[in-house]
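Source file run.pdb; content: PDB, C-alpha atoms.
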```
ATOM      1  CA  MET U   1     125.211  99.632  11.450
ATOM      2  CA  LYS U   2     123.167  97.820   8.818
ATOM      3  CA  SER U   3     121.450  95.870  11.553
ATOM      4  CA  ILE U   4     120.563  99.040  13.489
ATOM      5  CA  LEU U   5     119.119 100.645  10.351
ATOM      6  CA  LYS U   6     117.107  97.518   9.696
ATOM      7  CA  ASN U   7     115.795  97.561  13.256
ATOM      8  CA  LEU U   8     114.862 101.233  12.976
ATOM      9  CA  ALA U   9     113.049 100.654   9.686
ATOM     10  CA  PHE U  10     111.080  97.808  11.251
ATOM     11  CA  THR U  11     110.311  99.948  14.302
ATOM     12  CA  PHE U  12     108.936 102.832  12.278
ATOM     13  CA  ALA U  13     106.885 100.437  10.174
ATOM     14  CA  VAL U  14     105.304  99.029  13.355
ATOM     15  CA  MET U  15     104.827 102.456  14.919
ATOM     16  CA  PHE U  16     103.052 104.011  11.983
ATOM     17  CA  ALA U  17     101.210 100.979  10.660
ATOM     18  CA  LEU U  18      99.541  99.983  13.928
ATOM     19  CA  PRO U  19      97.647 103.207  14.677
ATOM     20  CA  LEU U  20      96.299 103.326  11.134
ATOM     21  CA  SER U  21      95.195  99.740  11.038
ATOM     22  CA  ALA U  22      93.606 100.089  14.460
ATOM     23  CA  GLN U  23      91.158 102.603  12.972
ATOM     24  CA  ASP U  24      90.540 100.863   9.678
ATOM     25  CA  VAL U  25      90.220  97.305  10.909
ATOM     26  CA  GLN U  26      87.635  96.383  13.492
ATOM     27  CA  PRO U  27      89.272  95.507  16.801
ATOM     28  CA  MET U  28      88.592  92.641  19.209
ATOM     29  CA  LEU U  29      86.725  90.499  16.649
ATOM     30  CA  GLY U  30      86.271  86.917  17.792
ATOM     31  CA  GLN U  31      87.185  87.804  21.360
ATOM     32  CA  PRO U  32      84.788  86.934  24.183
ATOM     33  CA  ALA U  33      82.716  89.982  25.123
ATOM     34  CA  ARG U  34      83.661  91.404  28.502
ATOM     35  CA  PRO U  35      80.964  90.407  31.000
ATOM     36  CA  PHE U  36      79.061  93.147  32.769
ATOM     37  CA  ALA U  37      76.055  93.788  34.957
ATOM     38  CA  LEU U  38      74.662  97.312  35.091
ATOM     39  CA  ASN U  39      71.585  99.121  36.284
ATOM     40  CA  ALA U  40      69.354 100.770  33.714
ATOM     41  CA  THR U  41      67.499 104.054  33.796
ATOM     42  CA  ASN U  42      64.285 102.014  34.181
ATOM     43  CA  GLY U  43      65.560 100.801  37.562
ATOM     44  CA  LYS U  44      66.173  97.204  36.452
ATOM     45  CA  ALA U  45      69.510  95.392  36.421
ATOM     46  CA  TYR U  46      70.822  93.823  33.223
ATOM     47  CA  SER U  47      73.767  91.567  32.546
ATOM     48  CA  LEU U  48      75.319  90.399  29.323
ATOM     49  CA  GLU U  49      75.165  86.851  30.671
ATOM     50  CA  GLN U  50      71.368  86.874  30.786
ATOM     51  CA  LEU U  51      71.256  87.757  27.085
ATOM     52  CA  LYS U  52      73.332  84.762  25.994
ATOM     53  CA  GLY U  53      71.657  82.994  23.106
ATOM     54  CA  THR U  54      70.620  86.295  21.484
ATOM     55  CA  TYR U  55      72.491  88.749  19.304
ATOM     56  CA  VAL U  56      73.288  91.822  21.360
ATOM     57  CA  VAL U  57      73.930  95.226  19.811
ATOM     58  CA  ILE U  58      75.741  97.539  22.223
ATOM     59  CA  HIS U  59      76.117 101.259  21.633
ATOM     60  CA  PHE U  60      78.394 103.246  23.954
ATOM     61  CA  ALA U  61      77.000 106.727  24.390
ATOM     62  CA  ALA U  62      77.001 109.971  26.298
ATOM     63  CA  THR U  63      74.300 112.622  26.238
ATOM     64  CA  TRP U  64      76.755 115.263  24.974
ATOM     65  CA  CYS U  65      77.969 113.073  22.086
ATOM     66  CA  PRO U  66      76.579 114.503  18.835
ATOM     67  CA  PHE U  67      77.243 111.348  16.863
ATOM     68  CA  CYS U  68      75.448 109.197  19.440
ATOM     69  CA  ASN U  69      72.427 111.480  19.307
ATOM     70  CA  ALA U  70      72.392 111.522  15.504
ATOM     71  CA  GLU U  71      72.390 107.748  15.451
ATOM     72  CA  ALA U  72      69.842 107.258  18.240
ATOM     73  CA  PRO U  73      66.621 107.198  16.165
ATOM     74  CA  ASN U  74      68.187 104.611  13.878
ATOM     75  CA  LEU U  75      69.043 102.378  16.833
ATOM     76  CA  GLU U  76      65.385 102.371  17.835
ATOM     77  CA  SER U  77      64.357 101.509  14.258
ATOM     78  CA  LEU U  78      66.918  98.736  14.186
ATOM     79  CA  TYR U  79      65.530  97.279  17.400
ATOM     80  CA  LYS U  80      61.986  97.329  16.060
ATOM     81  CA  ASP U  81      63.089  95.662  12.812
ATOM     82  CA  TYR U  82      65.276  92.988  14.389
ATOM     83  CA  ARG U  83      63.891  92.109  17.818
ATOM     84  CA  GLU U  84      61.719  89.320  16.339
ATOM     85  CA  LYS U  85      64.936  87.864  14.920
ATOM     86  CA  GLY U  86      66.483  87.460  18.346
ATOM     87  CA  VAL U  87      68.346  90.779  18.516
ATOM     88  CA  GLU U  88      68.597  92.814  21.702
ATOM     89  CA  VAL U  89      69.877  96.393  21.803
ATOM     90  CA  LEU U  90      71.558  98.079  24.751
ATOM     91  CA  ILE U  91      72.890 101.561  25.177
ATOM     92  CA  VAL U  92      75.680 101.855  27.710
ATOM     93  CA  ASP U  93      75.874 105.455  28.864
ATOM     94  CA  VAL U  94      79.326 106.350  30.133
ATOM     95  CA  LYS U  95      79.952 108.299  33.346
ATOM     96  CA  GLU U  96      76.806 110.364  33.548
ATOM     97  CA  ASP U  97      74.101 111.010  36.061
ATOM     98  CA  LYS U  98      70.958 108.846  35.884
ATOM     99  CA  GLU U  99      68.526 111.781  35.828
ATOM    100  CA  LEU U 100      70.408 113.538  33.038
ATOM    101  CA  VAL U 101      70.575 110.349  30.963
ATOM    102  CA  ALA U 102      66.886 109.583  31.448
ATOM    103  CA  LYS U 103      65.923 113.136  30.512
ATOM    104  CA  ALA U 104      68.222 113.407  27.498
ATOM    105  CA  PHE U 105      67.244 110.065  25.981
ATOM    106  CA  SER U 106      63.514 110.319  26.712
ATOM    107  CA  ARG U 107      63.071 112.235  23.433
ATOM    108  CA  PHE U 108      64.104 109.114  21.494
ATOM    109  CA  ASN U 109      61.459 106.865  23.115
ATOM    110  CA  PHE U 110      63.816 103.921  23.245
ATOM    111  CA  SER U 111      62.042 100.624  23.803
ATOM    112  CA  PHE U 112      65.293  98.938  24.850
ATOM    113  CA  PRO U 113      67.235  99.521  28.078
ATOM    114  CA  ILE U 114      69.675 102.341  28.674
ATOM    115  CA  LEU U 115      72.363 101.051  31.012
ATOM    116  CA  LEU U 116      74.386 103.268  33.287
ATOM    117  CA  ASP U 117      78.141 102.811  33.516
ATOM    118  CA  PRO U 118      78.726 105.453  36.207
ATOM    119  CA  GLU U 119      82.456 104.911  36.623
ATOM    120  CA  GLY U 120      83.177 104.018  33.008
ATOM    121  CA  LYS U 121      84.529 100.595  33.972
ATOM    122  CA  VAL U 122      82.536  98.656  31.389
ATOM    123  CA  SER U 123      83.392 101.161  28.704
ATOM    124  CA  ALA U 124      87.071 100.947  29.663
ATOM    125  CA  SER U 125      86.931  97.155  29.442
ATOM    126  CA  TYR U 126      85.805  97.483  25.811
ATOM    127  CA  ALA U 127      88.589  99.899  24.836
ATOM    128  CA  PRO U 128      90.745  98.027  22.330
ATOM    129  CA  GLU U 129      94.333  97.724  23.443
ATOM    130  CA  GLY U 130      96.616 100.175  21.679
ATOM    131  CA  VAL U 131      93.815 102.289  20.191
ATOM    132  CA  GLN U 132      93.882 105.991  21.133
ATOM    133  CA  PRO U 133      96.559 105.530  23.809
ATOM    134  CA  ALA U 134      96.405 109.190  24.787
ATOM    135  CA  LEU U 135      92.805 108.925  25.948
ATOM    136  CA  GLU U 136      91.462 107.659  29.216
ATOM    137  CA  ARG U 137      90.281 104.145  28.411
ATOM    138  CA  HIS U 138      86.594 104.791  29.137
ATOM    139  CA  GLU U 139      86.588 107.549  26.471
ATOM    140  CA  VAL U 140      87.665 105.292  23.623
ATOM    141  CA  PRO U 141      84.449 103.341  22.900
ATOM    142  CA  ILE U 142      82.166 106.410  22.961
ATOM    143  CA  ALA U 143      79.918 106.319  19.844
ATOM    144  CA  SER U 144      81.021 102.775  18.990
ATOM    145  CA  ASN U 145      78.680  99.935  18.057
ATOM    146  CA  LEU U 146      79.285  96.273  18.745
ATOM    147  CA  ILE U 147      77.525  93.028  17.946
ATOM    148  CA  ILE U 148      77.912  90.185  20.409
ATOM    149  CA  ASP U 149      76.897  86.828  18.951
ATOM    150  CA  LYS U 150      74.851  84.063  20.593
ATOM    151  CA  GLU U 151      77.976  82.548  22.095
ATOM    152  CA  GLY U 152      79.105  85.818  23.600
ATOM    153  CA  LYS U 153      81.823  86.660  21.084
ATOM    154  CA  ILE U 154      82.418  90.066  19.515
ATOM    155  CA  ARG U 155      81.464  89.934  15.825
ATOM    156  CA  PHE U 156      81.342  93.622  14.941
ATOM    157  CA  TYR U 157      83.067  96.643  16.434
ATOM    158  CA  SER U 158      82.839 100.013  14.690
ATOM    159  CA  LEU U 159      84.938 102.746  16.235
ATOM    160  CA  LEU U 160      83.822 106.286  15.461
ATOM    161  CA  ASN U 161      84.937 107.637  12.118
ATOM    162  CA  THR U 162      83.263 110.969  11.484
ATOM    163  CA  ALA U 163      84.486 111.112   7.898
ATOM    164  CA  SER U 164      82.394 108.055   7.002
ATOM    165  CA  PHE U 165      79.938 108.158   9.870
ATOM    166  CA  ASP U 166      77.392 105.367   9.453
ATOM    167  CA  ALA U 167      74.451 106.995  11.216
ATOM    168  CA  LYS U 168      71.999 104.667   9.484
ATOM    169  CA  LEU U 169      73.847 101.627  10.828
ATOM    170  CA  THR U 170      74.080 100.104   7.367
ATOM    171  CA  GLU U 171      77.219  98.072   8.039
ATOM    172  CA  LEU U 172      75.958  96.887  11.396
ATOM    173  CA  LYS U 173      72.689  95.683   9.826
ATOM    174  CA  GLN U 174      74.601  93.891   7.085
ATOM    175  CA  LYS U 175      76.610  92.040   9.704
ATOM    176  CA  LEU U 176      73.478  91.221  11.699
ATOM    177  CA  ASP U 177      71.789  89.840   8.563
ATOM    178  CA  GLU U 178      74.851  87.743   7.852
ATOM    179  CA  LEU U 179      74.958  86.345  11.394
ATOM    180  CA  ILE U 180      71.230  85.656  11.482
ATOM    181  CA  ALA U 181      71.354  83.947   8.079
ATOM    182  CA  THR U 182      74.162  81.636   9.161
ATOM    183  CA  GLY U 183      72.761  81.134  12.659
ATOM    184  CA  LYS U 184      76.142  81.939  14.191
TER     185      LYS U 184
ATOM    186  CA  MET H 185     116.047  91.860  21.708
ATOM    187  CA  MET H 186     117.589  95.109  20.483
ATOM    188  CA  ARG H 187     114.677  95.541  18.078
ATOM    189  CA  TRP H 188     112.026  95.299  20.807
ATOM    190  CA  LEU H 189     113.980  97.606  23.120
ATOM    191  CA  ILE H 190     114.016 100.287  20.412
ATOM    192  CA  ILE H 191     110.281  99.778  19.753
ATOM    193  CA  PHE H 192     109.510 100.080  23.458
ATOM    194  CA  LEU H 193     111.562 103.254  23.886
ATOM    195  CA  LEU H 194     110.166 104.989  20.805
ATOM    196  CA  ASN H 195     106.571 104.023  21.574
ATOM    197  CA  SER H 196     106.993 105.278  25.133
ATOM    198  CA  PHE H 197     108.189 108.578  23.730
ATOM    199  CA  ILE H 198     105.248 108.860  21.323
ATOM    200  CA  VAL H 199     102.618 107.909  23.909
ATOM    201  CA  SER H 200     103.901 110.383  26.458
ATOM    202  CA  GLY H 201     103.930 113.080  23.771
ATOM    203  CA  GLN H 202     100.269 112.391  22.959
ATOM    204  CA  ILE H 203      99.187 112.445  26.572
ATOM    205  CA  ASN H 204     100.733 115.858  27.039
ATOM    206  CA  GLU H 205      99.332 117.322  23.858
ATOM    207  CA  GLU H 206      97.084 120.329  24.306
ATOM    208  CA  LEU H 207      93.954 120.235  22.199
ATOM    209  CA  VAL H 208      92.978 123.760  23.079
ATOM    210  CA  LYS H 209      95.305 126.605  24.024
ATOM    211  CA  VAL H 210      94.295 129.902  25.572
ATOM    212  CA  ASN H 211      96.175 133.189  25.490
ATOM    213  CA  VAL H 212      95.050 136.355  27.269
ATOM    214  CA  PRO H 213      96.966 139.623  26.877
ATOM    215  CA  LYS H 214      97.112 141.931  29.890
ATOM    216  CA  VAL H 215      94.097 144.222  30.100
ATOM    217  CA  ILE H 216      94.382 147.897  31.097
ATOM    218  CA  VAL H 217      91.412 149.660  32.664
ATOM    219  CA  GLN H 218      90.729 152.789  34.705
ATOM    220  CA  ALA H 219      88.759 152.524  37.927
ATOM    221  CA  GLY H 220      85.085 153.161  37.192
ATOM    222  CA  LYS H 221      85.537 152.530  33.461
ATOM    223  CA  GLN H 222      84.728 149.693  31.063
ATOM    224  CA  SER H 223      87.242 147.571  29.192
ATOM    225  CA  VAL H 224      87.351 144.248  27.397
ATOM    226  CA  ILE H 225      89.151 140.961  28.008
ATOM    227  CA  SER H 226      90.072 139.271  24.727
ATOM    228  CA  VAL H 227      90.643 135.565  25.190
ATOM    229  CA  SER H 228      92.435 134.080  22.217
ATOM    230  CA  VAL H 229      91.670 130.383  21.715
ATOM    231  CA  GLU H 230      93.524 127.982  19.460
ATOM    232  CA  VAL H 231      92.045 124.562  18.693
ATOM    233  CA  LYS H 232      94.526 121.950  17.556
ATOM    234  CA  ASN H 233      94.488 121.243  13.849
ATOM    235  CA  GLY H 234      92.014 118.461  12.979
ATOM    236  CA  TYR H 235      89.793 119.067  15.999
ATOM    237  CA  HIS H 236      86.696 121.167  16.489
ATOM    238  CA  ILE H 237      84.862 122.203  19.620
ATOM    239  CA  GLN H 238      81.143 122.839  19.984
ATOM    240  CA  ALA H 239      80.117 126.467  19.488
ATOM    241  CA  HIS H 240      78.705 128.713  22.196
ATOM    242  CA  GLU H 241      75.221 128.446  20.770
ATOM    243  CA  VAL H 242      74.295 124.846  20.013
ATOM    244  CA  ARG H 243      71.269 123.334  18.303
ATOM    245  CA  ASP H 244      70.755 120.563  20.850
ATOM    246  CA  GLU H 245      70.311 121.329  24.542
ATOM    247  CA  PHE H 246      72.397 118.302  25.539
ATOM    248  CA  ILE H 247      75.434 119.219  23.456
ATOM    249  CA  LYS H 248      78.070 120.893  25.617
ATOM    250  CA  PRO H 249      78.566 124.446  24.370
ATOM    251  CA  THR H 250      81.811 126.342  24.650
ATOM    252  CA  THR H 251      81.516 128.687  27.593
ATOM    253  CA  LEU H 252      83.879 131.137  29.241
ATOM    254  CA  GLU H 253      83.701 131.843  32.949
ATOM    255  CA  VAL H 254      85.393 134.953  34.308
ATOM    256  CA  ASP H 255      85.365 135.586  38.039
ATOM    257  CA  GLY H 256      85.401 139.339  38.554
ATOM    258  CA  GLY H 257      85.283 139.126  42.340
ATOM    259  CA  LYS H 258      84.054 142.251  44.119
ATOM    260  CA  GLU H 259      86.256 144.621  42.133
ATOM    261  CA  PHE H 260      84.959 144.010  38.626
ATOM    262  CA  ILE H 261      81.500 143.703  37.102
ATOM    263  CA  ILE H 262      81.445 141.124  34.333
ATOM    264  CA  GLU H 263      79.141 142.178  31.519
ATOM    265  CA  LYS H 264      78.309 140.754  28.110
ATOM    266  CA  GLN H 265      80.411 138.241  26.240
ATOM    267  CA  VAL H 266      80.850 138.088  22.498
ATOM    268  CA  PHE H 267      81.609 134.758  20.861
ATOM    269  CA  PRO H 268      82.541 134.351  17.189
ATOM    270  CA  SER H 269      80.216 133.038  14.509
ATOM    271  CA  ALA H 270      80.159 129.262  14.340
ATOM    272  CA  LYS H 271      81.136 127.094  11.415
ATOM    273  CA  LYS H 272      78.863 124.312  10.202
ATOM    274  CA  PHE H 273      80.077 120.738  10.527
ATOM    275  CA  LYS H 274      77.980 118.153   8.702
ATOM    276  CA  LEU H 275      77.257 114.898  10.462
ATOM    277  CA  GLU H 276      77.921 112.499   7.601
ATOM    278  CA  GLY H 277      75.057 110.160   6.810
ATOM    279  CA  THR H 278      72.485 112.547   8.280
ATOM    280  CA  ASP H 279      70.923 115.860   7.364
ATOM    281  CA  GLN H 280      72.156 117.344  10.628
ATOM    282  CA  TYR H 281      74.816 119.960  11.211
ATOM    283  CA  LEU H 282      76.796 120.908  14.283
ATOM    284  CA  ASP H 283      77.814 124.459  15.045
ATOM    285  CA  VAL H 284      81.507 124.375  15.871
ATOM    286  CA  TYR H 285      84.686 126.392  16.230
ATOM    287  CA  ASP H 286      88.074 125.342  14.927
ATOM    288  CA  GLY H 287      91.446 126.961  14.333
ATOM    289  CA  ARG H 288      91.971 130.309  16.108
ATOM    290  CA  PHE H 289      89.222 132.536  17.432
ATOM    291  CA  GLU H 290      88.617 135.160  20.069
ATOM    292  CA  ILE H 291      86.071 135.547  22.846
ATOM    293  CA  GLN H 292      85.503 139.030  24.222
ATOM    294  CA  THR H 293      84.282 139.720  27.738
ATOM    295  CA  PHE H 294      83.264 143.276  28.567
ATOM    296  CA  PHE H 295      83.671 144.351  32.168
ATOM    297  CA  THR H 296      83.718 147.446  34.345
ATOM    298  CA  ALA H 297      86.167 148.133  37.173
ATOM    299  CA  GLN H 298      84.414 149.407  40.280
ATOM    300  CA  LYS H 299      85.179 153.028  41.175
ATOM    301  CA  LYS H 300      86.897 151.946  44.384
ATOM    302  CA  THR H 301      89.035 149.298  42.712
ATOM    303  CA  GLN H 302      92.610 149.597  43.945
ATOM    304  CA  VAL H 303      95.208 150.775  41.432
ATOM    305  CA  SER H 304      97.395 147.713  40.883
ATOM    306  CA  ILE H 305      97.560 144.559  38.818
ATOM    307  CA  HIS H 306      94.690 142.186  39.633
ATOM    308  CA  HIS H 307      94.600 138.515  38.700
ATOM    309  CA  LEU H 308      91.177 137.263  37.662
ATOM    310  CA  ASN H 309      90.362 133.596  37.283
ATOM    311  CA  GLY H 310      89.150 132.415  33.890
ATOM    312  CA  LYS H 311      87.860 129.036  32.806
ATOM    313  CA  LEU H 312      87.100 127.832  29.281
ATOM    314  CA  ASN H 313      84.723 124.863  29.044
ATOM    315  CA  TYR H 314      84.591 122.899  25.798
ATOM    316  CA  GLN H 315      83.843 119.542  24.216
ATOM    317  CA  ALA H 316      86.115 118.513  21.368
ATOM    318  CA  CYS H 317      85.910 115.987  18.562
ATOM    319  CA  ASP H 318      88.185 115.045  15.696
ATOM    320  CA  SER H 319      87.539 112.598  12.886
ATOM    321  CA  VAL H 320      87.826 109.492  15.046
ATOM    322  CA  ARG H 321      86.966 110.515  18.563
ATOM    323  CA  CYS H 322      84.736 112.679  20.685
ATOM    324  CA  LEU H 323      86.311 113.549  23.983
ATOM    325  CA  PHE H 324      84.621 114.051  27.300
ATOM    326  CA  PRO H 325      83.956 117.710  28.097
ATOM    327  CA  ARG H 326      87.062 119.448  29.416
ATOM    328  CA  SER H 327      88.050 122.780  30.970
ATOM    329  CA  ILE H 328      91.118 124.991  30.925
ATOM    330  CA  GLU H 329      91.723 127.311  33.860
ATOM    331  CA  PHE H 330      93.869 130.385  33.417
ATOM    332  CA  SER H 331      94.695 133.735  34.973
ATOM    333  CA  ILE H 332      93.806 137.133  33.507
ATOM    334  CA  ASP H 333      96.017 140.085  34.434
ATOM    335  CA  VAL H 334      94.041 143.307  34.769
ATOM    336  CA  ASP H 335      96.084 146.483  35.247
ATOM    337  CA  VAL H 336      93.948 149.094  37.000
ATOM    338  CA  ARG H 337      95.377 152.602  36.538
TER     339      ARG H 337
END
```

Please lay out the structure from this file as structure tokens.
Amino acid sequence: MKSILKNLAFTFAVMFALPLSAQDVQPMLGQPARPFALNATNGKAYSLEQLKGTYVVIHFAATWCPFCNAEAPNLESLYKDYREKGVEVLIVDVKEDKELVAKAFSRFNFSFPILLDPEGKVSASYAPEGVQPALERHEVPIASNLIIDKEGKIRFYSLLNTASFDAKLTELKQKLDELIATGK
Amino acid sequence: MMRWLIIFLLNSFIVSGQINEELVKVNVPKVIVQAGKQSVISVSVEVKNGYHIQAHEVRDEFIKPTTLEVDGGKEFIIEKQVFPSAKKFKLEGTDQYLDVYDGRFEIQTFFTAQKKTQVSIHHLNGKLNYQACDSVRCLFPRSIEFSIDVDVR
């Protein structure tokens, strides 16, 4: 009986601790970034592989996502401020039509590529295991930002948190500065 | 071994419960109308606690507004719809606001039964389109389809 109670206590600790920590702690850090090759709204093809040796900021977006749109101008500013430091920025739009994406994002005048993930496979591959299990996997990374380092490892992964929404990308810039300073 | 079996079973239970959860529920009382007269369909919507959905009138053309489709067929003429006033939701870290609905609210659809509409109970098709967010996720736009009973007397 004592053993069963102990097991139950452990079980509940795991059950309730994991979902909380999954939101508070950045997932997938240090893991190799999932490779991908996608077409962009500009008609060109881009792969993560071809950007090896640079820092890559990836933002998963959808045109209907209010948080993505609020952050968009700041992504463009970030790119302008950091591209001379070896930083590339990519938006991966999830499961939307090319014409809609091109039209919706034209107002932001992005000078970096907007990639199309028409089936949500790339987005799904970046969904951290165990996070938001009720959602379809391609939905999970929407509005997230990642930094992939020069070696292709994930160094930053911010899942959406509307209560402390970092529209100005302050934490992401701090991490970029840190990586650039150390040359990692 | 016993420990992991219990964890597996309880987690399976929780995950399946989350998958089946309804973020938005719709309830429509039966509507009574006389042939040739106007009446109103009141769709009661309940958004799960902690979530909001975009309002009917949005500030950004690419945000998915809440819309209600009612198919009146040949027997009913669908007229104006009345949505509730939106609440403001601040996008933290910006000076922007979203117009949203949360909790319980009602959408009214005015309609007129054609003069030749048969006296009986008709079943109209309704569809609520919405895009929901909570504090840690924004979900793809979704729809709920439902039936509206209209009693023509």

Of the candidates H:Lys221, H:Arg243, H:Phe294, H:Lys214, which shows the shortest atom-to-atom distance to Gln280 of chain H, using all atoms listed in the file?
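Of H:Lys221, H:Arg243, H:Phe294, H:Lys214, the one nearest Gln280 of chain H, counting all atoms listed in the file, is H:Arg243.
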
Of the candidates U:Ser111, U:Ser144, U:Ser125, U:Ser77, which shows the shortest atom-to-atom distance to Phe60 of chain U, using only C-alpha atoms?
U:Ser144

As a PyMOL selection string, please: the residues near Arg107 of chain U (cut-off 12 Å, only C-alpha atoms, same-chain neighbours under 6 positions excluded).
(chain U and resi 63+69+72-73+76+101) or (chain H and resi 244-246)

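Between atom CA of Gln292 of chain H and atom CA of Lys264 of chain H the separation is 8.4 Å.
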
So that I can check the surroundings of segment 36-45 of chain U, please list as a short mmCIF file (atom, residue, chain, number, x, y, z; two decimals) with C-alpha atoms, in the coordinates of the input every protein, DNA and RNA residue that reaches within 7 Å of it, counting all atoms listed in the file and ignoring chain neighbours fewer than 6 positions away.
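As a result, result21.cif now contains:
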```cif
data_model
loop_
_atom_site.label_atom_id
_atom_site.label_comp_id
_atom_site.auth_asym_id
_atom_site.auth_seq_id
_atom_site.Cartn_x
_atom_site.Cartn_y
_atom_site.Cartn_z
CA LYS U 98 70.96 108.85 35.88
CA ALA U 102 66.89 109.58 31.45
CA PRO U 113 67.24 99.52 28.08
CA ILE U 114 69.68 102.34 28.67
CA LEU U 115 72.36 101.05 31.01
CA LEU U 116 74.39 103.27 33.29
CA ASP U 117 78.14 102.81 33.52
CA VAL U 122 82.54 98.66 31.39
#
```

Starting from the displayed file, determine the output of the PyMOL selection byres ((chain U) within 7 of (chain H)) and express the residue list as a VMD selection string.
chain U and resid 7 11 63 to 66 104 133 to 134 139 160 to 168

Any chance you could work out the residue set of the PyMOL selection byres ((chain U and resi 169-175) around 10) here, as JSON, numbers by chain?
{"U": [57, 71, 74, 75, 78, 82, 145, 146, 147, 155, 156, 157, 158, 165, 166, 167, 168, 176, 177, 178, 179, 180, 181], "H": [277]}

Using all atoms listed in the file, which protein or nucleic acid residues come within 6 Å of segment 223-231 of chain H? Drop anything in the same chain fewer than 3 positions from it, and give the result as a list in words.
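Near segment 223-231 of chain H, the qualifying residues are Leu207, Val208, Lys209, Val210, Asn211, Val212, Val217, Asp286, Gly287, Arg288, Phe289, Glu290, Ile291, Gln292, Thr293, Phe294 and Phe295 of chain H.
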
When you count all atoms listed in the file, which of these residues is closest to Gly220 of chain H: H:Ala270, H:Arg337, H:Ile237, H:Ser327?
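Checking each of H:Ala270, H:Arg337, H:Ile237, H:Ser327 against Gly220 of chain H, counting all atoms listed in the file, the winner is H:Arg337.
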
What does the distance between atom CA of Asn313 of chain H and atom CA of Phe108 of chain U come to in Å, to one decimal place?
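Calculated distance between atom CA of Asn313 of chain H and atom CA of Phe108 of chain U is 27.0 Å.
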
Residues at most 9 Å from Pro35 of chain U, counting all atoms listed in the file, excluding those fewer than 4 positions away in the same chain, as a PDB file with C-alpha atoms, in the frame of the given file?
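Saved to out-v7.pdb:
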```
ATOM      1  CA  SER U  47      73.767  91.567  32.546  1.00  0.00           C
ATOM      2  CA  LEU U  48      75.319  90.399  29.323  1.00  0.00           C
ATOM      3  CA  GLU U  49      75.165  86.851  30.671  1.00  0.00           C
ATOM      4  CA  VAL U 122      82.536  98.656  31.389  1.00  0.00           C
ATOM      5  CA  GLY U 152      79.105  85.818  23.600  1.00  0.00           C
TER       6      GLY U 152
END
```

Dig up all the protein and nucleic acid residues within 7 Å of (82.6, 128.0, 21.7) in the file frame, using only C-alpha atoms, and format them as a list of chain:residue names.
H:Ile237, H:Gln238, H:Ala239, H:His240, H:Pro249, H:Thr250, H:Thr251, H:Phe267, H:Val284, H:Tyr285, H:Tyr314

Output, as JSON, the centre and edge lengths in Å (one decimal) of the axis-aligned box that contains all listed atoms of segment 303-307 of chain H with 6 Å of margin on each side.
```
{"center_x": 96.1, "center_y": 144.6, "center_z": 40.1, "size_x": 15.0, "size_y": 24.3, "size_z": 14.7}
```
